[in-house]
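Reviewing the structure listed below.
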Amino acid sequence: QVQLVESGGGSVQAGGSLGLSCVVFGYTPSRYCMAWFRQAPGKEREGLATIYIGVGTTYYHDSVKGRFTIYQDNAKRTLHLQMNSLKREDTATYYCAADPARMVAGGGYCAPNLSFPYWGQGTQVTVSS
C-alpha cells in the first residue's frame, strides 16, 4: 500500500511562484510513474506533468510547459512541482499520483491518464491578479 502526503500550495499573485511537495510512504520499486494533476471547479481533472521515477523522463502538458518543473528527491522519497510565472487560470486543487506497477519502455514517458491507483489528498493553489 502506498500513501502520498502533499504539502505546499497557498495563495500567490499572478507572475509569482509556488512549490508543491509529495512524500511517498510504502514500498515502491526502483522505477515507476508519478504525476501531478489539477482540478478546477467545474472542470475535469487534468494531467500536468509526469516523471518516470528512477529514470527521470518527464512529460508536460502544453499549458504548463516552460513554467512548471517536476522533479524527484530520491533520498527523501519526495516528488516536487515547482510552479513559476503563475496565472489566474492555474487556480485549482493540485494532486500528486503514483502507479508503482507502471513501467515505461524504450525511453518513453508516463502517460498523464487518470489510471493512477494512488492519490494525494490535494492542495489548493489560488492565483490572484
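Just so we're on the same page: first chain in the C-alpha cells is A, next is B, and so on; residues restart at 1 for each chain, and ligands are numbered from 1 in the order they show up.
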
Open item on the list: At a cut-off of 12 Å, using only C-alpha atoms, what residues contact Glu44 (chain A)? Leave out same-chain residues fewer than 2 positions from it and give the result as a list of chain:residue names.
Closed with: A:Phe37, A:Arg38, A:Gln39, A:Ala40, A:Pro41, A:Gly42, A:Glu46, A:Gly47, A:Ala92, A:Thr93, A:Asn113, A:Leu114

Open item on the list: Please return, as JSON, numbers by chain, all residues of chain A that DSSP assigns to strand (DSSP E) on the basis of the backbone.
Closed with: {"A": [3, 4, 5, 6, 7, 8, 10, 11, 12, 13, 18, 19, 20, 21, 22, 23, 24, 25, 32, 33, 34, 35, 36, 37, 38, 39, 46, 47, 48, 49, 50, 51, 52, 53, 58, 59, 60, 68, 69, 70, 71, 72, 73, 78, 79, 80, 81, 82, 83, 92, 93, 94, 95, 96, 97, 98, 99, 118, 119, 123, 124, 125, 126, 127, 128]}

Using C-alpha atoms, can you write the selected residues to a file as a PDB file, in the first residue's frame?
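The resulting file, result36.pdb, is reproduced below:
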ATOM      1  CA  GLN A   3       0.344   6.657   0.755  1.00  0.00           C
ATOM      2  CA  LEU A   4       1.024  10.109  -0.667  1.00  0.00           C
ATOM      3  CA  VAL A   5       1.131  13.199   1.539  1.00  0.00           C
ATOM      4  CA  GLU A   6       1.178  16.590  -0.157  1.00  0.00           C
ATOM      5  CA  SER A   7       2.313  19.951   1.155  1.00  0.00           C
ATOM      6  CA  GLY A   8       2.803  23.409  -0.251  1.00  0.00           C
ATOM      7  CA  GLY A  10      -1.427  28.537  -0.995  1.00  0.00           C
ATOM      8  CA  SER A  11      -2.185  31.940  -2.456  1.00  0.00           C
ATOM      9  CA  VAL A  12       0.047  33.969  -4.737  1.00  0.00           C
ATOM     10  CA  GLN A  13      -0.258  36.868  -7.132  1.00  0.00           C
ATOM     11  CA  LEU A  18       4.940  28.257  -5.590  1.00  0.00           C
ATOM     12  CA  GLY A  19       6.333  24.822  -4.866  1.00  0.00           C
ATOM     13  CA  LEU A  20       4.430  21.639  -4.090  1.00  0.00           C
ATOM     14  CA  SER A  21       5.826  18.519  -2.436  1.00  0.00           C
ATOM     15  CA  CYS A  22       4.544  14.953  -2.223  1.00  0.00           C
ATOM     16  CA  VAL A  23       6.126  12.471   0.181  1.00  0.00           C
ATOM     17  CA  VAL A  24       5.786   8.806  -0.722  1.00  0.00           C
ATOM     18  CA  PHE A  25       5.178   6.238   2.034  1.00  0.00           C
ATOM     19  CA  TYR A  32       7.642   3.643 -11.610  1.00  0.00           C
ATOM     20  CA  CYS A  33       5.408   6.502 -12.680  1.00  0.00           C
ATOM     21  CA  MET A  34       4.365   9.565 -10.718  1.00  0.00           C
ATOM     22  CA  ALA A  35       2.469  12.637 -11.764  1.00  0.00           C
ATOM     23  CA  TRP A  36       0.883  15.922 -10.815  1.00  0.00           C
ATOM     24  CA  PHE A  37      -2.732  16.657 -11.724  1.00  0.00           C
ATOM     25  CA  ARG A  38      -5.060  19.558 -11.030  1.00  0.00           C
ATOM     26  CA  GLN A  39      -8.778  20.097 -10.951  1.00  0.00           C
ATOM     27  CA  GLU A  46      -6.120  17.129 -15.939  1.00  0.00           C
ATOM     28  CA  GLY A  47      -2.611  15.742 -16.003  1.00  0.00           C
ATOM     29  CA  LEU A  48       0.030  18.461 -15.842  1.00  0.00           C
ATOM     30  CA  ALA A  49       3.332  16.658 -15.584  1.00  0.00           C
ATOM     31  CA  THR A  50       4.656  13.138 -15.192  1.00  0.00           C
ATOM     32  CA  ILE A  51       8.004  11.637 -14.325  1.00  0.00           C
ATOM     33  CA  TYR A  52       9.394   8.147 -14.630  1.00  0.00           C
ATOM     34  CA  ILE A  53      10.967   7.719 -11.202  1.00  0.00           C
ATOM     35  CA  THR A  58       9.293  13.779 -17.978  1.00  0.00           C
ATOM     36  CA  TYR A  59       6.148  14.916 -19.750  1.00  0.00           C
ATOM     37  CA  TYR A  60       4.466  18.328 -19.529  1.00  0.00           C
ATOM     38  CA  PHE A  68       6.365  24.174 -14.232  1.00  0.00           C
ATOM     39  CA  THR A  69       9.083  21.671 -13.357  1.00  0.00           C
ATOM     40  CA  ILE A  70       8.524  18.187 -11.949  1.00  0.00           C
ATOM     41  CA  TYR A  71      11.461  16.569 -10.174  1.00  0.00           C
ATOM     42  CA  GLN A  72      12.251  13.884  -7.652  1.00  0.00           C
ATOM     43  CA  ASP A  73      14.325  13.810  -4.472  1.00  0.00           C
ATOM     44  CA  THR A  78       9.651  13.211  -2.358  1.00  0.00           C
ATOM     45  CA  LEU A  79       8.163  14.427  -5.605  1.00  0.00           C
ATOM     46  CA  HIS A  80       8.188  18.158  -6.281  1.00  0.00           C
ATOM     47  CA  LEU A  81       6.397  20.550  -8.598  1.00  0.00           C
ATOM     48  CA  GLN A  82       7.979  23.970  -8.974  1.00  0.00           C
ATOM     49  CA  MET A  83       5.499  26.431 -10.459  1.00  0.00           C
ATOM     50  CA  ALA A  92      -7.108  24.698  -8.827  1.00  0.00           C
ATOM     51  CA  THR A  93      -6.681  21.847  -6.382  1.00  0.00           C
ATOM     52  CA  TYR A  94      -3.441  20.031  -7.154  1.00  0.00           C
ATOM     53  CA  TYR A  95      -2.913  16.301  -6.650  1.00  0.00           C
ATOM     54  CA  CYS A  96       0.101  14.032  -6.841  1.00  0.00           C
ATOM     55  CA  ALA A  97      -0.373  10.470  -8.025  1.00  0.00           C
ATOM     56  CA  ALA A  98       1.668   7.276  -8.150  1.00  0.00           C
ATOM     57  CA  ASP A  99       1.499   3.995 -10.017  1.00  0.00           C
ATOM     58  CA  TYR A 118      -2.711   6.162  -5.564  1.00  0.00           C
ATOM     59  CA  TRP A 119      -3.511   9.840  -4.972  1.00  0.00           C
ATOM     60  CA  THR A 123      -3.686  21.010  -2.004  1.00  0.00           C
ATOM     61  CA  GLN A 124      -5.241  24.304  -3.079  1.00  0.00           C
ATOM     62  CA  VAL A 125      -3.399  26.806  -5.258  1.00  0.00           C
ATOM     63  CA  THR A 126      -5.026  30.205  -5.736  1.00  0.00           C
ATOM     64  CA  VAL A 127      -3.573  32.786  -8.108  1.00  0.00           C
ATOM     65  CA  SER A 128      -4.922  36.321  -7.965  1.00  0.00           C
TER      66      SER A 128
END

Open item on the list: What does the structure give for the distance between CA of Met103 (chain A) and CA of Asp62 (chain A), in Å to one decimal?
Closed with: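 Going from CA of Met103 (chain A) over to CA of Asp62 (chain A) covers 23.3 Å.
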
TODO: Using CA of Asp90 (chain A) and CA of Pro112 (chain A) as the two end points, give the distance in Å to one decimal.
DONE: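 Interatomic distance here is 17.4 Å.
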
Open item on the list: For a test of reading the model, state the distance in Å between CA of Thr91 (chain A) and CA of Ala14 (chain A), rounded to one decimal.
Closed with: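 These two atoms are separated by 10.1 Å.
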